[in-house]
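Below is one structure; the comments refer to it alone.
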Amino acid sequence: MKKERQIIFLVDDNMANLTAGKSMLKDRYDIFPIPSGHKLFEILERVSPDLILLDIEMPEMNGYEAIKKLKEERKTLDIPVIFLTARTDPGSELEGLSLGAIDYIYKPFSPPLLLKRIENHLLTRNQQLVLRDYNDNLQQMVQKRTRQVTELQNSILSTVTEMVEFRDEVTGGHIERTQSYLKLLVDKLLYEKIYWEEVSTWNLEFLVPSAQLHDVGKIAISDAILNKPGKLSAEEFEIMKRHAAIGEAVIEGIMKTSSENDFLHHAKIFAGTHHEKWDGSGYPRGLKNTAIPLQGRLMAVADVYDALIAARPYKKPLSTEEAERIILESREKHFDPVLVDLFQDLAPQFALIAKHSNAVLQSRPEFAGLKETA
């Protein structure tokens with residue numbers, strides 16, 4: 001396969017210099033003799049060279065003006081420029097190099113020396129282009145690998161959460177709905193810049209998906225309690241309450257074996273604090289007010305709302321209007337008052353999510369016959 005020849009623009013207002021330069025270089029390169037700076041930019045609209053040999057002393061647009069314009073344009077700023085000039089003073093050379101020229105060759109020049117310097121500069125440019133292509137390809141490979149890892153992570157996460165959800169026979173769609181409620185609340189926090197100092201530090205790519213693990217501790221709760229066809233006794237309820245601490249411990253154990261903990265950091269907080277209450281009467285630690293992490297306060301709203309509209313063997317589902325009323329009445333008791341105010345604005349959207357979830361669940365064979373949640 002014949003190697004493609006590199007393109008060099010030779011820009012000089014002296015026709016004798018253009019003829020001599022072309023004769024000198026034509027055996028190795030494709031040479032474009034160009035008689036002026038203005039003509040240079042006309043040709044650049046159609047052809048992109050590998051190197052420009054640029055005379056300084058030209059009428060209308062001199063070499064300094066031409067290189068300034070080259071460096072201002074994104075399309076041409078990376079094209080290497082060598083000045084060819086009769087000027088021998090250090091000031092002129094310094095000015096040319098300061099404007100972005102890669103070399104400064106004095107006339108009259110030795111043809112072998114000029115060829116060698118052109119060869120060296122083009123070799124350097126080729127190496128730079130190869131390195132840039134390599135970096136671009138490497139970046140694409142990293143992005144592809146990151147997507148693959150994320151997809152695998154999400155797949156494993158979905159499998160674990162489905163295991164939890166299908167063991168708890170009466171909470172079909174709970175995890176999916178609470179994620180949707182949570183996203184509404186977080187988006188509202190961001191829009192209103194509420195709790196901004198904390199929320200602005202979160203990796204939002206991980207935050208909402210990690211909420212899927214908030215009930216992972218239920219894996220350790222027996223089916224007899226988890227699916228009891230009636231209200232739990234006081235003793236059974238104490239056992240059920242352990243799922244928050246168990247979930248937190250399970251995720252903490254995974255964190256010890258993983259170096260990538262941003263995702264698990266949020267999941268651990270969701271699992272361990274979503275049953276804490278603003279007035280300190282929650283579990284497992286009885287945290288109060290802002291001592292409860294913001295993730296837990298957010299999940300508490302989403303989790304309780306969904307529990308209220310869900311059917312249970314021991315209760316009928318409440319309407320979304322009734323659930324909204326209970327959340328508002330629990331302001332400063334169960335819930336962060338700031339988040340309750342946000343919820344009040346978002347209540348119609350919560351209701352739409354619940355309605356859509358019902359329709360989807362009724363179409364899934366594993367949930368056929370499940371009572372509507374709202």
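Residues in the structure tokens are named by chain (A, B, ... in the order shown) and by number from 1 within that chain; ligands are numbered from 1 in the order shown.
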Any chance you could tabulate, as CSV, the residues of segment 171-240 of chain A at most 9 Å from segment 330-340 of chain A with each one's nearest atom pair and distance in Å to one decimal, using only C-alpha atoms, in chain and rising number order?
```
residue,atom,partner,partner_atom,distance
A:Leu185,CA,A:Leu339,CA,7.8
A:Leu189,CA,A:Leu339,CA,8.7
A:Ile194,CA,A:Val338,CA,8.6
```
Can you tell me, as a ChimeraX atom specification, what residues are no more than 10 Å from segment 247-261 of chain A when counting only C-alpha atoms, ignoring any on the same chain fewer than 2 positions away? /A:213-220,242-245,263-273
Mind dumping the selected residues with C-alpha atoms as an mmCIF file, in the first residue's frame?
```cif
data_model
loop_
_atom_site.group_PDB
_atom_site.id
_atom_site.type_symbol
_atom_site.label_atom_id
_atom_site.label_comp_id
_atom_site.auth_asym_id
_atom_site.auth_seq_id
_atom_site.Cartn_x
_atom_site.Cartn_y
_atom_site.Cartn_z
ATOM 1 C CA LEU A 213 -30.959 -1.435 48.824
ATOM 2 C CA HIS A 214 -32.825 0.350 51.611
ATOM 3 C CA ASP A 215 -34.727 -2.826 52.562
ATOM 4 C CA VAL A 216 -31.939 -5.336 51.862
ATOM 5 C CA GLY A 217 -31.917 -6.312 55.560
ATOM 6 C CA LYS A 218 -35.278 -8.033 55.059
ATOM 7 C CA ILE A 219 -33.334 -10.940 53.568
ATOM 8 C CA ALA A 220 -32.561 -11.968 57.156
ATOM 9 C CA ARG A 242 -33.886 -5.344 62.996
ATOM 10 C CA HIS A 243 -33.879 -5.217 59.191
ATOM 11 C CA ALA A 244 -32.586 -1.640 59.234
ATOM 12 C CA ALA A 245 -29.484 -2.468 61.284
ATOM 13 C CA PHE A 263 -22.480 3.905 45.620
ATOM 14 C CA LEU A 264 -22.480 1.789 48.801
ATOM 15 C CA HIS A 265 -21.991 4.845 51.004
ATOM 16 C CA HIS A 266 -25.466 6.124 50.150
ATOM 17 C CA ALA A 267 -26.978 2.627 50.224
ATOM 18 C CA LYS A 268 -25.704 2.064 53.768
ATOM 19 C CA ILE A 269 -27.252 5.310 54.992
ATOM 20 C CA PHE A 270 -30.582 4.560 53.307
ATOM 21 C CA ALA A 271 -30.687 1.061 54.813
ATOM 22 C CA GLY A 272 -29.740 2.123 58.327
ATOM 23 C CA THR A 273 -31.688 5.359 58.770
#
```
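Minimum atom-to-atom distance to Leu182 of chain A, evaluated using only C-alpha atoms, belongs to A:Leu204 out of A:Ala311, A:Ile118, A:Leu232, A:Leu204.
All residues of protein, DNA or RNA that reach within 8 Å of Met299 of chain A, judged by only C-alpha atoms and not counting those fewer than 3 positions away in the chain, are A:Thr178, A:Leu182, A:Ala211, A:Phe270, A:His274, A:Gln295, A:Gly296, A:Ala302, A:Asp303.
We find atom CA of Ser98 of chain A and atom CA of Asp55 of chain A to be spaced 16.1 Å apart.
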Restricting the calculation to only C-alpha atoms: of A:Phe343, A:Tyr195, A:Phe32, A:Phe350, which residue gets closest to Ile309 of chain A? A:Phe350
For segment 4-13 of chain A, find every residue with an atom within 12 Å (counting only C-alpha atoms), except residues of its own chain fewer than 6 positions away, and show them as a compact mmCIF listing (two decimals) with N, CA and C atoms, in the first residue's frame.
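Writing done, so here's selection-v6.txt:
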```txt
# COMPACT_ATOMS: atom_id res chain seq x y z
N THR A 19 9.05 29.06 -6.41
CA THR A 19 9.50 28.08 -7.41
C THR A 19 10.66 27.25 -6.87
N ALA A 20 11.61 27.92 -6.23
CA ALA A 20 12.78 27.22 -5.69
C ALA A 20 12.37 26.27 -4.56
N GLY A 21 11.47 26.75 -3.70
CA GLY A 21 11.02 25.92 -2.57
C GLY A 21 10.28 24.68 -3.04
N LYS A 22 9.42 24.85 -4.04
CA LYS A 22 8.67 23.70 -4.55
C LYS A 22 9.62 22.69 -5.18
N SER A 23 10.58 23.18 -5.94
CA SER A 23 11.53 22.28 -6.58
C SER A 23 12.32 21.49 -5.54
N MET A 24 12.63 22.13 -4.44
CA MET A 24 13.43 21.51 -3.40
C MET A 24 12.66 20.42 -2.64
N LEU A 25 11.36 20.61 -2.47
CA LEU A 25 10.58 19.75 -1.58
C LEU A 25 9.66 18.76 -2.28
N LYS A 26 9.44 18.96 -3.60
CA LYS A 26 8.38 18.22 -4.28
C LYS A 26 8.60 16.71 -4.34
N ASP A 27 9.86 16.26 -4.26
CA ASP A 27 10.12 14.82 -4.33
C ASP A 27 9.64 14.09 -3.08
N ARG A 28 9.52 14.80 -1.97
CA ARG A 28 9.13 14.16 -0.71
C ARG A 28 7.70 14.50 -0.26
N TYR A 29 7.24 15.69 -0.66
CA TYR A 29 5.96 16.16 -0.13
C TYR A 29 5.08 16.73 -1.23
N ASP A 30 3.80 16.85 -0.94
CA ASP A 30 2.89 17.58 -1.82
C ASP A 30 2.95 19.04 -1.43
N ILE A 31 3.47 19.87 -2.35
CA ILE A 31 3.74 21.28 -2.04
C ILE A 31 2.67 22.17 -2.67
N PHE A 32 2.12 23.09 -1.86
CA PHE A 32 1.18 24.11 -2.34
C PHE A 32 1.87 25.46 -2.27
N PRO A 33 2.36 26.00 -3.40
CA PRO A 33 2.94 27.35 -3.38
C PRO A 33 1.81 28.39 -3.25
N ILE A 34 1.91 29.29 -2.27
CA ILE A 34 0.83 30.25 -2.00
C ILE A 34 1.45 31.64 -1.95
N PRO A 35 0.97 32.60 -2.75
CA PRO A 35 1.64 33.89 -2.89
C PRO A 35 1.29 34.96 -1.85
N SER A 36 0.34 34.69 -0.95
CA SER A 36 -0.03 35.74 0.02
C SER A 36 -0.73 35.13 1.23
N GLY A 37 -0.79 35.93 2.30
CA GLY A 37 -1.50 35.49 3.49
C GLY A 37 -2.99 35.31 3.25
N HIS A 38 -3.59 36.22 2.48
CA HIS A 38 -5.03 36.12 2.20
C HIS A 38 -5.33 34.85 1.41
N LYS A 39 -4.46 34.53 0.44
CA LYS A 39 -4.65 33.32 -0.37
C LYS A 39 -4.50 32.06 0.51
N LEU A 40 -3.62 32.15 1.49
CA LEU A 40 -3.44 31.02 2.43
C LEU A 40 -4.76 30.63 3.06
N PHE A 41 -5.52 31.61 3.54
CA PHE A 41 -6.76 31.29 4.25
C PHE A 41 -7.88 30.86 3.30
N ILE A 43 -7.28 28.87 0.70
CA ILE A 43 -6.96 27.46 0.43
C ILE A 43 -7.22 26.59 1.67
N LEU A 44 -7.01 27.17 2.85
CA LEU A 44 -7.27 26.42 4.09
C LEU A 44 -8.74 26.02 4.23
N VAL A 47 -8.27 22.69 2.00
CA VAL A 47 -7.18 21.74 2.24
C VAL A 47 -6.57 21.99 3.61
N SER A 48 -6.27 20.90 4.33
CA SER A 48 -5.61 21.03 5.63
C SER A 48 -4.19 20.48 5.53
N PRO A 49 -3.18 21.33 5.69
CA PRO A 49 -1.79 20.87 5.53
C PRO A 49 -1.23 20.23 6.80
N ASP A 50 -0.12 19.55 6.64
CA ASP A 50 0.59 18.99 7.80
C ASP A 50 1.59 20.00 8.36
N LEU A 51 1.97 20.98 7.54
CA LEU A 51 2.96 21.98 7.95
C LEU A 51 2.83 23.20 7.06
N ILE A 52 3.10 24.39 7.65
CA ILE A 52 3.11 25.63 6.87
C ILE A 52 4.48 26.27 6.99
N LEU A 53 5.12 26.52 5.83
CA LEU A 53 6.35 27.32 5.78
C LEU A 53 5.92 28.73 5.43
N LEU A 54 6.15 29.68 6.34
CA LEU A 54 5.55 31.01 6.23
C LEU A 54 6.60 32.12 6.22
N ASP A 55 6.58 32.89 5.15
CA ASP A 55 7.47 34.06 5.07
C ASP A 55 6.92 35.16 5.97
N ILE A 56 7.80 35.99 6.51
CA ILE A 56 7.36 37.08 7.38
C ILE A 56 7.09 38.35 6.58
N GLU A 57 8.03 38.73 5.72
CA GLU A 57 7.92 40.00 5.00
C GLU A 57 7.02 39.84 3.77
N MET A 58 5.72 40.08 3.97
CA MET A 58 4.75 40.04 2.86
C MET A 58 3.84 41.25 2.95
N PRO A 59 3.39 41.79 1.80
CA PRO A 59 2.47 42.94 1.81
C PRO A 59 1.07 42.52 2.28
N GLU A 60 0.27 43.51 2.67
CA GLU A 60 -1.13 43.33 3.08
C GLU A 60 -1.26 42.53 4.38
N MET A 61 -0.84 41.25 4.39
CA MET A 61 -0.86 40.45 5.62
C MET A 61 0.51 39.79 5.79
N ASN A 62 1.29 40.28 6.78
CA ASN A 62 2.62 39.69 6.96
C ASN A 62 2.53 38.37 7.74
N GLY A 63 3.67 37.73 7.91
CA GLY A 63 3.68 36.42 8.56
C GLY A 63 3.19 36.43 9.99
N ALA A 66 -0.51 36.63 9.95
CA ALA A 66 -1.08 35.36 9.48
C ALA A 66 -1.09 34.31 10.58
N ILE A 67 0.02 34.21 11.34
CA ILE A 67 0.07 33.18 12.38
C ILE A 67 -0.89 33.51 13.52
N ILE A 79 -1.95 23.43 13.47
CA ILE A 79 -1.07 23.23 12.31
C ILE A 79 0.30 23.85 12.62
N PRO A 80 1.39 23.06 12.56
CA PRO A 80 2.71 23.62 12.87
C PRO A 80 3.17 24.62 11.81
N VAL A 81 3.79 25.71 12.28
CA VAL A 81 4.25 26.78 11.38
C VAL A 81 5.74 27.00 11.58
N ILE A 82 6.49 27.03 10.47
CA ILE A 82 7.91 27.38 10.49
C ILE A 82 8.07 28.70 9.73
N PHE A 83 8.69 29.67 10.38
CA PHE A 83 8.95 30.93 9.71
C PHE A 83 10.23 30.83 8.86
N LEU A 84 10.13 31.30 7.63
CA LEU A 84 11.28 31.45 6.74
C LEU A 84 11.49 32.94 6.54
N THR A 85 12.67 33.46 6.94
CA THR A 85 12.85 34.91 6.90
C THR A 85 14.31 35.31 6.76
N LEU A 115 15.38 20.45 4.76
CA LEU A 115 14.69 19.16 4.63
C LEU A 115 14.73 18.38 5.95
N ILE A 118 12.39 20.04 8.53
CA ILE A 118 11.00 19.74 8.18
C ILE A 118 10.67 18.29 8.56
N GLU A 119 11.58 17.39 8.23
CA GLU A 119 11.38 15.98 8.53
C GLU A 119 11.21 15.76 10.04
N HIS A 121 10.25 17.95 12.35
CA HIS A 121 9.01 18.55 12.86
C HIS A 121 7.79 17.72 12.46
N LEU A 122 7.80 17.20 11.23
CA LEU A 122 6.66 16.37 10.80
C LEU A 122 6.62 15.06 11.58
N LEU A 123 7.80 14.51 11.90
CA LEU A 123 7.84 13.30 12.72
C LEU A 123 7.25 13.57 14.10
N ARG A 125 5.07 15.90 14.82
CA ARG A 125 3.62 16.09 14.67
C ARG A 125 2.91 14.74 14.52
N ASN A 126 3.50 13.84 13.75
CA ASN A 126 2.89 12.53 13.58
C ASN A 126 2.79 11.79 14.91
```
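Of note, atom CA of Tyr106 of chain A and atom CA of Asp78 of chain A are spaced 23.0 Å apart.
In this structure, atom CA of Leu308 of chain A sits 18.5 Å away from atom CA of Asp341 of chain A.
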Test item: residues at most 9 Å from Lys288 of chain A, only C-alpha atoms, excluding those fewer than 3 positions along its chain, as a list in words: Glu276, Lys277, Trp278, Asp279, Gly280, Ser281, Gly282, Ala291 and Ile292 of chain A
Produce a file of the selected residues containing N, CA and C atoms, as a short mmCIF file (atom, residue, chain, number, x, y, z; two decimals), in the first residue's frame.
```cif
data_model
loop_
_atom_site.label_atom_id
_atom_site.label_comp_id
_atom_site.auth_asym_id
_atom_site.auth_seq_id
_atom_site.Cartn_x
_atom_site.Cartn_y
_atom_site.Cartn_z
N GLU A 276 -35.74 6.10 60.99
CA GLU A 276 -35.59 7.10 62.06
C GLU A 276 -36.66 8.17 61.88
N LYS A 277 -37.05 8.81 62.99
CA LYS A 277 -38.10 9.83 62.95
C LYS A 277 -37.58 11.17 63.48
N TRP A 278 -38.13 12.23 62.93
CA TRP A 278 -37.70 13.58 63.26
C TRP A 278 -37.75 13.86 64.77
N ASP A 279 -38.75 13.29 65.47
CA ASP A 279 -38.88 13.56 66.91
C ASP A 279 -38.08 12.59 67.77
N GLY A 280 -37.31 11.71 67.15
CA GLY A 280 -36.44 10.81 67.91
C GLY A 280 -37.07 9.49 68.30
N SER A 281 -38.30 9.22 67.87
CA SER A 281 -38.99 7.99 68.27
C SER A 281 -38.79 6.83 67.29
N GLY A 282 -37.92 7.01 66.31
CA GLY A 282 -37.71 5.96 65.32
C GLY A 282 -36.66 4.95 65.72
N ALA A 291 -29.77 15.16 63.12
CA ALA A 291 -28.82 14.08 63.43
C ALA A 291 -29.09 12.89 62.52
N ILE A 292 -30.32 12.82 61.98
CA ILE A 292 -30.66 11.79 60.99
C ILE A 292 -30.07 12.25 59.66
#
```
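Backbone DSSP over segment 11-224 of chain A yields strand (DSSP E) at Val11, Asp30, Ile31, Phe32, Pro33, Ile34, Leu51, Ile52, Leu53, Leu54, Asp55, Val81, Ile82, Phe83, Leu84, Thr85, Asp103, Tyr104, Ile105 and Tyr106 of chain A.
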Name the residues of segment 49-276 of chain A that fall into alpha helix (DSSP H) according to DSSP on the backbone, using the chain letters and numbers of this document, as a PyMOL selection string. chain A and resi 63-72+90-98+111-167+174-192+196-199+204-210+223-226+234-255+262-273
So that I can check the surroundings of Asn203 of chain A, please list as JSON, numbers by chain every protein, DNA and RNA residue that reaches within 12 Å of it, counting only C-alpha atoms and ignoring chain neighbours fewer than 2 positions away. {"A": [186, 198, 199, 200, 201, 205, 206, 207, 208, 209, 210, 261, 262, 263, 264, 265, 266]}
